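Asks: Sharing upload-v9.cif below, mmCIF, C-alpha atoms:
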```
data_data
#
loop_
_atom_site.label_atom_id
_atom_site.label_comp_id
_atom_site.auth_asym_id
_atom_site.auth_seq_id
_atom_site.Cartn_x
_atom_site.Cartn_y
_atom_site.Cartn_z
CA MET A 1 53.70 154.00 131.02
CA SER A 2 56.13 151.77 129.16
CA THR A 3 59.42 153.07 127.86
CA ILE A 4 59.05 154.97 124.61
CA HIS A 5 61.51 154.24 121.82
CA PRO A 6 63.74 157.29 121.18
CA ARG A 7 62.46 157.82 117.64
CA ARG A 8 58.88 158.01 118.95
CA ARG A 9 59.64 160.40 121.81
CA ARG A 10 59.18 163.55 119.78
CA ALA A 11 55.83 162.30 118.50
CA PHE A 12 54.50 162.42 122.06
CA ALA A 13 55.87 165.84 122.98
CA LEU A 14 52.54 167.65 122.69
CA VAL A 15 50.61 164.91 124.47
CA GLY A 16 53.00 165.18 127.38
CA ALA A 17 52.63 168.94 127.33
CA PHE A 18 48.86 168.61 127.44
CA ALA A 19 49.00 166.28 130.42
CA ALA A 20 51.41 168.62 132.23
CA ALA A 21 49.58 171.83 131.40
CA THR A 22 50.13 173.16 134.91
CA LEU A 23 53.90 173.02 134.55
CA ALA A 24 56.04 175.93 133.43
CA LEU A 25 56.00 176.62 129.70
CA GLY A 26 59.72 175.98 129.48
CA ALA A 27 59.24 172.39 130.57
CA CYS A 28 57.12 171.74 127.45
CA THR A 29 59.77 172.65 124.88
CA ASN A 30 61.60 170.20 122.69
CA SER A 31 65.08 171.22 123.81
CA GLY A 32 65.85 167.67 124.86
CA ASP A 33 66.18 166.75 121.20
CA GLY A 34 68.99 169.26 120.77
CA ASP A 35 67.06 171.33 118.19
CA ASP A 36 67.78 175.03 117.88
CA THR A 37 64.16 176.18 117.62
CA SER A 38 65.06 179.76 116.81
CA ASP A 39 66.73 178.57 113.63
CA ALA A 40 64.02 176.02 112.81
CA VAL A 41 61.04 178.37 112.94
CA GLY A 42 60.02 179.52 109.47
CA LYS A 43 62.22 177.06 107.61
CA SER A 44 60.65 174.57 105.23
CA ASN A 45 61.70 170.93 105.46
CA THR A 46 61.77 169.76 101.85
CA ASP A 47 63.12 166.31 102.73
CA ASN A 48 59.97 164.87 104.30
CA ASP A 49 59.26 162.50 101.43
CA LYS A 50 62.78 161.14 101.27
CA SER A 51 63.12 157.57 102.46
CA GLY A 52 63.91 157.19 106.13
CA GLU A 53 63.79 154.60 108.88
CA LYS A 54 61.09 152.00 108.39
CA VAL A 55 57.69 152.78 109.93
CA VAL A 56 55.13 150.03 110.60
CA ILE A 57 51.57 151.38 110.67
CA GLY A 58 48.42 149.51 111.63
CA PHE A 59 45.21 150.69 109.98
CA SER A 60 41.62 149.95 110.96
CA ALA A 61 38.33 151.41 109.71
CA PRO A 62 34.66 150.38 109.52
CA ALA A 63 33.36 148.12 106.79
CA ALA A 64 33.33 149.61 103.29
CA ASP A 65 29.54 149.50 102.97
CA HIS A 66 29.44 153.08 101.71
CA GLY A 67 31.30 154.67 98.83
CA TRP A 68 32.97 157.25 101.06
CA MET A 69 34.10 154.65 103.58
CA GLY A 70 35.44 152.40 100.86
CA SER A 71 37.51 155.29 99.54
CA ILE A 72 38.89 155.94 103.03
CA THR A 73 40.60 152.55 103.07
CA LYS A 74 41.66 152.61 99.41
CA SER A 75 43.22 156.05 99.83
CA ALA A 76 45.12 154.97 102.94
CA ILE A 77 46.55 151.93 101.16
CA ALA A 78 47.48 153.97 98.10
CA GLN A 79 49.21 156.59 100.25
CA ALA A 80 51.26 154.00 102.11
CA LYS A 81 52.47 152.56 98.79
CA GLU A 82 53.97 155.95 97.96
CA TYR A 83 56.64 155.39 100.63
CA ASP A 84 59.22 152.63 100.52
CA ASP A 85 59.83 153.12 104.25
CA VAL A 86 56.21 152.40 105.29
CA GLU A 87 54.80 148.95 106.00
CA LEU A 88 51.02 149.09 106.32
CA LYS A 89 49.09 146.40 108.18
CA VAL A 90 45.42 146.67 107.21
CA ALA A 91 42.76 145.12 109.42
CA GLU A 92 39.56 143.94 107.76
CA GLY A 93 36.89 146.64 107.85
CA THR A 94 34.26 145.97 110.48
CA ASN A 95 31.19 147.53 112.08
CA ASP A 96 31.63 145.29 115.13
CA VAL A 97 33.17 147.43 117.88
CA ASN A 98 34.46 144.42 119.78
CA LEU A 99 36.21 143.11 116.68
CA GLN A 100 37.78 146.51 116.02
CA ILE A 101 39.02 146.63 119.61
CA SER A 102 40.57 143.20 119.05
CA GLN A 103 42.25 144.48 115.88
CA VAL A 104 43.89 147.33 117.79
CA GLU A 105 44.95 144.92 120.54
CA THR A 106 46.68 142.86 117.84
CA PHE A 107 48.50 145.95 116.57
CA ILE A 108 49.65 146.68 120.13
CA ASN A 109 50.91 143.11 120.58
CA ASP A 110 52.70 143.35 117.23
CA LYS A 111 54.45 146.50 118.50
CA VAL A 112 53.63 148.59 115.44
CA ASP A 113 55.06 152.11 115.40
CA ALA A 114 51.73 153.84 114.74
CA ILE A 115 48.03 153.16 114.37
CA VAL A 116 45.72 155.10 112.07
CA LEU A 117 42.22 154.48 113.36
CA LEU A 118 38.83 155.49 112.04
CA PRO A 119 36.63 154.08 114.81
CA PHE A 120 33.19 152.68 114.20
CA ASP A 121 32.35 154.25 117.55
CA GLY A 122 34.80 156.84 118.88
CA ALA A 123 33.71 156.57 122.52
CA ALA A 124 33.85 152.77 122.50
CA MET A 125 37.34 152.74 120.97
CA THR A 126 38.82 155.32 123.35
CA ALA A 127 40.13 152.93 125.99
CA VAL A 128 42.04 150.67 123.59
CA ALA A 129 43.41 153.69 121.70
CA ARG A 130 44.72 155.08 124.98
CA LYS A 131 46.23 151.67 125.75
CA ALA A 132 48.14 151.92 122.47
CA MET A 133 49.35 155.42 123.33
CA ASP A 134 50.45 154.22 126.78
CA ALA A 135 52.45 151.51 125.01
CA GLY A 136 54.36 154.20 123.11
CA ILE A 137 52.47 153.75 119.83
CA VAL A 138 51.53 156.89 117.89
CA VAL A 139 47.75 156.92 117.36
CA ILE A 140 46.12 159.05 114.68
CA ASN A 141 42.36 159.42 115.19
CA VAL A 142 40.41 159.88 111.95
CA ASP A 143 36.93 161.40 111.46
CA ARG A 144 35.12 160.08 114.58
CA GLU A 145 36.67 161.50 117.71
CA PHE A 146 37.67 159.65 120.86
CA ASN A 147 36.31 161.07 124.09
CA SER A 148 39.72 161.55 125.70
CA PRO A 149 42.53 163.83 124.49
CA PHE A 150 45.04 161.23 125.70
CA ALA A 151 43.82 158.55 123.28
CA ALA A 152 45.48 160.04 120.18
CA ARG A 153 48.54 162.07 119.32
CA SER A 154 46.72 163.81 116.48
CA THR A 155 43.19 163.90 115.11
CA ILE A 156 42.12 164.51 111.51
CA LEU A 157 38.55 165.65 110.98
CA GLY A 158 36.25 166.69 108.20
CA ASP A 159 34.23 169.84 108.81
CA ASN A 160 30.58 168.87 109.14
CA TYR A 161 29.42 172.28 110.32
CA GLY A 162 31.50 173.80 107.53
CA MET A 163 29.73 171.59 104.98
CA GLY A 164 26.44 173.14 105.99
CA VAL A 165 27.90 176.62 105.86
CA SER A 166 29.32 175.98 102.39
CA ALA A 167 26.01 174.62 101.07
CA GLY A 168 24.04 177.50 102.59
CA THR A 169 26.48 180.08 101.27
CA PHE A 170 26.16 178.62 97.77
CA VAL A 171 22.38 178.96 98.00
CA CYS A 172 22.62 182.55 99.25
CA ASP A 173 25.02 183.52 96.49
CA ASP A 174 22.87 181.91 93.81
CA ALA A 175 19.63 183.40 95.17
CA LYS A 176 21.06 186.90 94.72
CA GLY A 177 19.05 188.49 97.49
CA ASP A 178 15.68 186.93 96.67
CA LYS A 179 14.23 186.12 100.10
CA ASN A 180 11.26 184.27 98.63
CA LYS A 181 13.25 181.24 97.51
CA VAL A 182 12.04 177.89 98.84
CA VAL A 183 14.81 175.79 100.36
CA ALA A 184 14.61 172.06 101.11
CA GLU A 185 17.01 169.75 102.91
CA ILE A 186 17.52 165.99 102.93
CA ALA A 187 19.66 165.18 105.94
CA GLY A 188 21.43 161.99 106.93
CA ILE A 189 20.81 160.12 110.18
CA ASP A 190 19.31 162.71 112.49
CA SER A 191 20.60 161.15 115.70
CA LEU A 192 24.23 161.58 114.64
CA PRO A 193 26.15 164.70 115.76
CA LEU A 194 27.63 165.02 112.26
CA THR A 195 24.13 165.35 110.76
CA GLN A 196 23.14 167.84 113.41
CA ASP A 197 26.28 169.88 112.70
CA ARG A 198 25.63 169.90 108.95
CA SER A 199 22.04 171.06 109.44
CA ARG A 200 23.09 173.72 111.93
CA GLY A 201 25.72 175.11 109.57
CA PHE A 202 23.22 175.18 106.70
CA LYS A 203 20.63 177.00 108.81
CA ASP A 204 23.17 179.53 110.09
CA ALA A 205 24.45 180.32 106.59
CA LEU A 206 20.92 180.79 105.20
CA LYS A 207 20.12 183.28 107.97
CA VAL A 208 22.77 185.61 106.56
CA CYS A 209 20.71 186.18 103.40
CA GLY A 210 17.28 185.98 105.00
CA LEU A 211 16.43 182.45 103.89
CA LYS A 212 15.41 179.38 105.88
CA VAL A 213 14.82 175.68 105.42
CA ASN A 214 11.18 175.38 104.38
CA ASN A 215 11.03 171.60 104.03
CA ARG A 216 13.29 169.03 105.68
CA VAL A 217 13.41 165.22 105.80
CA ALA A 218 16.05 162.77 107.00
CA ALA A 219 17.45 159.63 105.36
CA GLU A 220 20.11 157.15 106.52
CA PHE A 221 23.04 157.61 104.11
CA THR A 222 21.82 154.82 101.81
CA VAL A 223 20.40 154.79 98.29
CA GLU A 224 17.13 153.20 99.44
CA THR A 225 16.46 155.66 102.26
CA GLY A 226 17.51 158.57 100.07
CA GLU A 227 14.91 157.64 97.47
CA LYS A 228 12.18 157.17 100.07
CA ALA A 229 12.95 160.44 101.89
CA ALA A 230 13.11 162.38 98.63
CA SER A 231 9.80 160.94 97.45
CA ASN A 232 8.14 162.06 100.67
CA LEU A 233 9.70 165.50 100.39
CA LEU A 234 8.69 166.02 96.78
CA GLN A 235 5.09 165.09 97.57
CA ALA A 236 5.00 167.53 100.48
CA ALA A 237 6.69 170.40 98.63
CA PRO A 238 5.07 171.33 95.30
CA LYS A 239 7.62 174.10 94.80
CA ILE A 240 11.34 174.00 95.57
CA ASP A 241 14.09 176.35 94.46
CA TYR A 242 17.08 174.74 96.20
CA LEU A 243 17.59 171.25 97.59
CA TRP A 244 20.60 170.32 99.69
CA ASN A 245 21.20 166.59 100.11
CA HIS A 246 23.75 165.82 102.84
CA ASP A 247 25.27 162.73 101.26
CA ASP A 248 26.08 161.78 97.67
CA ASP A 249 25.65 158.04 98.27
CA GLN A 250 22.07 158.53 99.42
CA GLY A 251 21.88 161.10 96.61
CA VAL A 252 21.75 158.26 94.08
CA GLY A 253 18.33 157.43 95.49
CA VAL A 254 17.40 161.10 95.76
CA LEU A 255 18.04 161.60 92.05
CA ALA A 256 16.00 158.51 91.21
CA ALA A 257 13.05 159.95 93.15
CA ILE A 258 13.44 163.31 91.41
CA LYS A 259 13.40 161.60 88.02
CA ASN A 260 10.35 159.52 88.93
CA ALA A 261 8.53 162.65 90.07
CA ASN A 262 9.48 164.47 86.86
CA ARG A 263 10.77 167.46 88.84
CA ASP A 264 13.51 169.71 87.51
CA GLU A 265 12.57 173.22 88.63
CA PHE A 266 15.20 173.46 91.38
CA VAL A 267 18.97 173.45 91.93
CA MET A 268 20.32 170.50 93.86
CA ILE A 269 23.50 170.61 95.95
CA GLY A 270 25.14 167.35 96.97
CA GLY A 271 27.26 166.43 99.96
CA ALA A 272 30.55 164.53 100.40
CA GLY A 273 31.81 164.88 96.82
CA SER A 274 31.37 161.59 94.96
CA ALA A 275 32.79 161.09 91.49
CA ASN A 276 29.41 160.29 89.90
CA VAL A 277 27.96 163.52 91.26
CA MET A 278 30.94 165.48 89.97
CA ARG A 279 30.51 163.91 86.53
CA ASP A 280 26.87 165.00 86.56
CA ILE A 281 27.94 168.50 87.55
CA LYS A 282 30.47 168.57 84.72
CA ALA A 283 27.94 167.29 82.17
CA ASP A 284 25.43 169.88 83.43
CA ASN A 285 22.46 167.74 82.41
CA THR A 286 20.69 167.18 85.76
CA VAL A 287 19.42 169.32 88.64
CA LEU A 288 22.77 168.72 90.36
CA LYS A 289 24.84 171.88 90.07
CA ALA A 290 27.18 171.60 93.04
CA THR A 291 28.41 169.34 95.84
CA VAL A 292 30.22 170.06 99.09
CA VAL A 293 33.34 167.97 99.69
CA TYR A 294 33.80 165.89 102.83
CA PRO A 295 37.29 164.51 102.09
CA SER A 296 37.70 160.76 101.79
CA THR A 297 41.46 161.33 101.99
CA GLN A 298 41.43 161.73 105.78
CA ALA A 299 43.03 158.35 106.47
CA ALA A 300 45.61 158.95 103.74
CA ASP A 301 46.53 162.14 105.57
CA GLY A 302 46.68 160.03 108.73
CA ILE A 303 49.25 157.75 107.10
CA LYS A 304 51.39 160.74 106.16
CA MET A 305 51.11 162.22 109.65
CA ALA A 306 51.93 158.93 111.37
CA ARG A 307 55.07 158.58 109.27
CA LEU A 308 56.17 162.14 110.07
CA LEU A 309 55.58 161.66 113.79
CA VAL A 310 57.42 158.35 114.10
CA GLN A 311 60.35 159.68 112.07
CA GLY A 312 60.47 162.86 114.19
CA LYS A 313 59.68 165.22 111.34
CA SER A 314 57.53 168.34 111.17
CA MET A 315 55.05 169.49 108.53
CA SER A 316 57.17 171.20 105.91
CA ASP A 317 54.73 174.01 105.09
CA LEU A 318 54.29 175.10 108.70
CA ALA A 319 56.67 177.15 110.81
CA GLU A 320 55.64 175.06 113.84
CA ILE A 321 58.23 172.39 114.66
CA GLU A 322 55.63 169.85 115.81
CA VAL A 323 52.87 168.12 113.87
CA PRO A 324 49.56 169.70 115.00
CA ARG A 325 47.33 168.01 117.56
CA GLN A 326 44.28 168.45 115.32
CA ILE A 327 43.66 169.16 111.66
CA LYS A 328 40.21 170.03 110.34
CA LEU A 329 39.95 169.70 106.57
CA ALA A 330 38.13 172.20 104.36
CA ALA A 331 34.62 171.76 102.95
CA PRO A 332 34.87 173.36 99.48
CA VAL A 333 31.98 173.68 97.05
CA VAL A 334 32.50 171.95 93.71
CA THR A 335 30.76 173.46 90.67
CA LYS A 336 31.16 173.16 86.93
CA ASP A 337 33.83 175.86 87.10
CA ASN A 338 36.21 173.92 89.36
CA VAL A 339 35.10 170.29 89.07
CA ASP A 340 38.22 169.19 87.18
CA THR A 341 40.32 170.09 90.22
CA TYR A 342 38.40 167.80 92.57
CA LEU A 343 37.28 164.94 90.31
CA PRO A 344 40.60 162.98 90.37
CA SER A 345 40.38 162.51 94.17
CA ALA A 346 36.62 161.87 94.35
CA PHE A 347 35.15 158.55 95.50
CA GLU A 348 32.72 156.35 93.60
CA SER A 349 29.20 156.03 95.04
#
```
Please express the file's structure as structure tokens.
Replies:
Amino acid sequence: MSTIHPRRRRAFALVGAFAAATLALGACTNSGDGDDTSDAVGKSNTDNDKSGEKVVIGFSAPAADHGWMGSITKSAIAQAKEYDDVELKVAEGTNDVNLQISQVETFINDKVDAIVLLPFDGAAMTAVARKAMDAGIVVINVDREFNSPFAARSTILGDNYGMGVSAGTFVCDDAKGDKNKVVAEIAGIDSLPLTQDRSRGFKDALKVCGLKVNNRVAAEFTVETGEKAASNLLQAAPKIDYLWNHDDDQGVGVLAAIKNANRDEFVMIGGAGSANVMRDIKADNTVLKATVVYPSTQAADGIKMARLLVQGKSMSDLAEIEVPRQIKLAAPVVTKDNVDTYLPSAFES
């Protein structure tokens, strides 16, 4: 491994500890930095946002061909602009794995301090991410995980299983014990683990109140496939009480199909938390009554974490003196009662 710059050394403390898990616990402490950990624990660092040493961050994500993905990049750029000590180098969004690998190679050659990476394919990007880590560059993995724990210092994830649990819990609460309610589901791409996790969480939550998914179809996270899948579902299911659609972008097509079928007897729950869906929820003039948030601020959080790690800071609201290895964001349900809280940070479908 190449020599790590002193101001990056603390950022790699937990990675080193992971690799040396068989060593004595004392060897994994941060005493080499001269910190008195007994004094530090429990104290809040309120100076995290104050300007510090310059941090150069490379950012790469897939092409913005989806409202959520577009917001990922916009949010990252906006977050970086909040800090006068951050220089953000943004690679052009791409769904070509080889091109994304090349982008990361460029960041490595440029000797950036950190890379925030939402990979098009986590497994395919693992090797180059680990190469960056071996070069002493802090890597923050966003949303789609690498298949090696050594490829990133920290990982920020949405909670796909939790989305399903949240949607199912909303249905159970609204059904008020009526076990005869008919529940339908429009999933995303069935081959993806994230879709499988969302469906599993939904199914598990419904079991708690004695309900099940009576009708299920899958789309592909696009408006066109959402409309087609919803049309097929509505023809097959003459009665529906609750419909959970996994993704608000494909939900644009789902709503079009519902309108064309002249159906309004059920409650629809969205997924991901787009601004147009939240506006519909607020207006309360469609079947949409709720959506489950899958944060599009994950990369923005990655920018903040990368800056903290390179500057050797901790997270001010935690007693822990190191930035966590993994953060899984919440999957809250947005309804008319709380929509104003979430609307400002929502993405446009």
Asks: Evaluate the PyMOL selection byres ((chain A and resi 115) around 12) here and jot the selected residues down as a PyMOL selection string.
Replies: chain A and resi 55-61+76+87-91+103-108+110-114+116-119+128-133+135-142+151-155+299+302-307+309-310
Asks: Measure the distance from CA of Asp84 (chain A) to CA of Asp317 (chain A) in Å and round it to one decimal.
Replies: 22.3 Å
Asks: In Å, how far is it from CA of Lys336 (chain A) to CA of Tyr242 (chain A)?
Replies: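 So the answer is 16.9 Å.
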Asks: Applied to the shown file, which residues does the PyMOL selection byres ((chain A and resi 215-225) around 7) return, written as a compact mmCIF listing (two decimals) with C-alpha atoms, in the frame of the given file?
Replies:
```
# COMPACT_ATOMS: atom_id res chain seq x y z
CA VAL A 183 14.81 175.79 100.36
CA ALA A 184 14.61 172.06 101.11
CA GLU A 185 17.01 169.75 102.91
CA ILE A 186 17.52 165.99 102.93
CA ALA A 187 19.66 165.18 105.94
CA GLY A 188 21.43 161.99 106.93
CA ILE A 189 20.81 160.12 110.18
CA ASP A 190 19.31 162.71 112.49
CA VAL A 213 14.82 175.68 105.42
CA ASN A 214 11.18 175.38 104.38
CA GLY A 226 17.51 158.57 100.07
CA GLU A 227 14.91 157.64 97.47
CA LYS A 228 12.18 157.17 100.07
CA ALA A 229 12.95 160.44 101.89
CA LEU A 233 9.70 165.50 100.39
CA ASP A 247 25.27 162.73 101.26
CA ASP A 249 25.65 158.04 98.27
CA GLN A 250 22.07 158.53 99.42
CA GLY A 251 21.88 161.10 96.61
CA VAL A 252 21.75 158.26 94.08
CA GLY A 253 18.33 157.43 95.49
```
Asks: Could you check the closest approach to Arg198 (chain A) for each of A:Leu343, A:Ala319, A:Ala124, A:Ala167 and tell me which residue wins, using only C-alpha atoms?
Replies: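 Once distances to Arg198 (chain A) are computed over only C-alpha atoms, the minimum belongs to A:Ala167.
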Asks: Taking the file as I've supplied it (selection: the PyMOL selection byres ((chain A and resi 147) around 10)), which residues are included? Please answer as a PyMOL selection string.
Replies: chain A and resi 122-127+144-146+148-151
Asks: For CA of Asn260 (chain A) and CA of Leu234 (chain A), quote the distance in Å rounded to one decimal.
Replies: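 According to the coordinates, CA of Asn260 (chain A) and CA of Leu234 (chain A) are separated by 10.3 Å.
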Asks: With a distance cut-off of 7 Å and all atoms listed in the file, select the neighbouring residues of Lys289 (chain A), excluding the residue or stretch itself and same-chain residues fewer than 5 positions from it, and output the selection as an mmCIF file with C-alpha atoms, in the coordinates of the input.
Replies:
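Result file part_33.cif:
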```cif
data_model
loop_
_atom_site.group_PDB
_atom_site.id
_atom_site.type_symbol
_atom_site.label_atom_id
_atom_site.label_comp_id
_atom_site.auth_asym_id
_atom_site.auth_seq_id
_atom_site.Cartn_x
_atom_site.Cartn_y
_atom_site.Cartn_z
ATOM 1 C CA VAL A 267 18.970 173.450 91.930
ATOM 2 C CA MET A 268 20.320 170.500 93.860
ATOM 3 C CA ILE A 269 23.500 170.610 95.950
ATOM 4 C CA ILE A 281 27.940 168.500 87.550
ATOM 5 C CA ASP A 284 25.430 169.880 83.430
ATOM 6 C CA THR A 335 30.760 173.460 90.670
#
```
Asks: May I have the residues within 6 Å of region 292-298 of chain A as a PyMOL selection string, using only C-alpha atoms and disregarding those fewer than 4 positions away in the same chain?
Replies: chain A and resi 68+71-72+75+158+271-273+331-333
Asks: Counting all atoms listed in the file, which of A:Pro62, A:Lys74, A:Ala330, A:Glu82 gets nearest to Gln100 (chain A)?
Replies: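 Checking each of A:Pro62, A:Lys74, A:Ala330, A:Glu82 against Gln100 (chain A), counting all atoms listed in the file, the winner is A:Pro62.
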Asks: Using all atoms listed in the file, can you tell me which of A:Asn95, A:Gln311, A:Lys207, A:Asn232 comes closest to Ala64 (chain A)?
Replies: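 Nearest to Ala64 (chain A): A:Asn95.
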Asks: Check the smallest atom-to-atom distance from each of A:Asn98, A:Ser166, A:Gln326, A:Ser191 to Ala205 (chain A) using only C-alpha atoms, then report the winner.
Replies: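 Ranking A:Asn98, A:Ser166, A:Gln326, A:Ser191 by distance to Ala205 (chain A), first place goes to A:Ser166.
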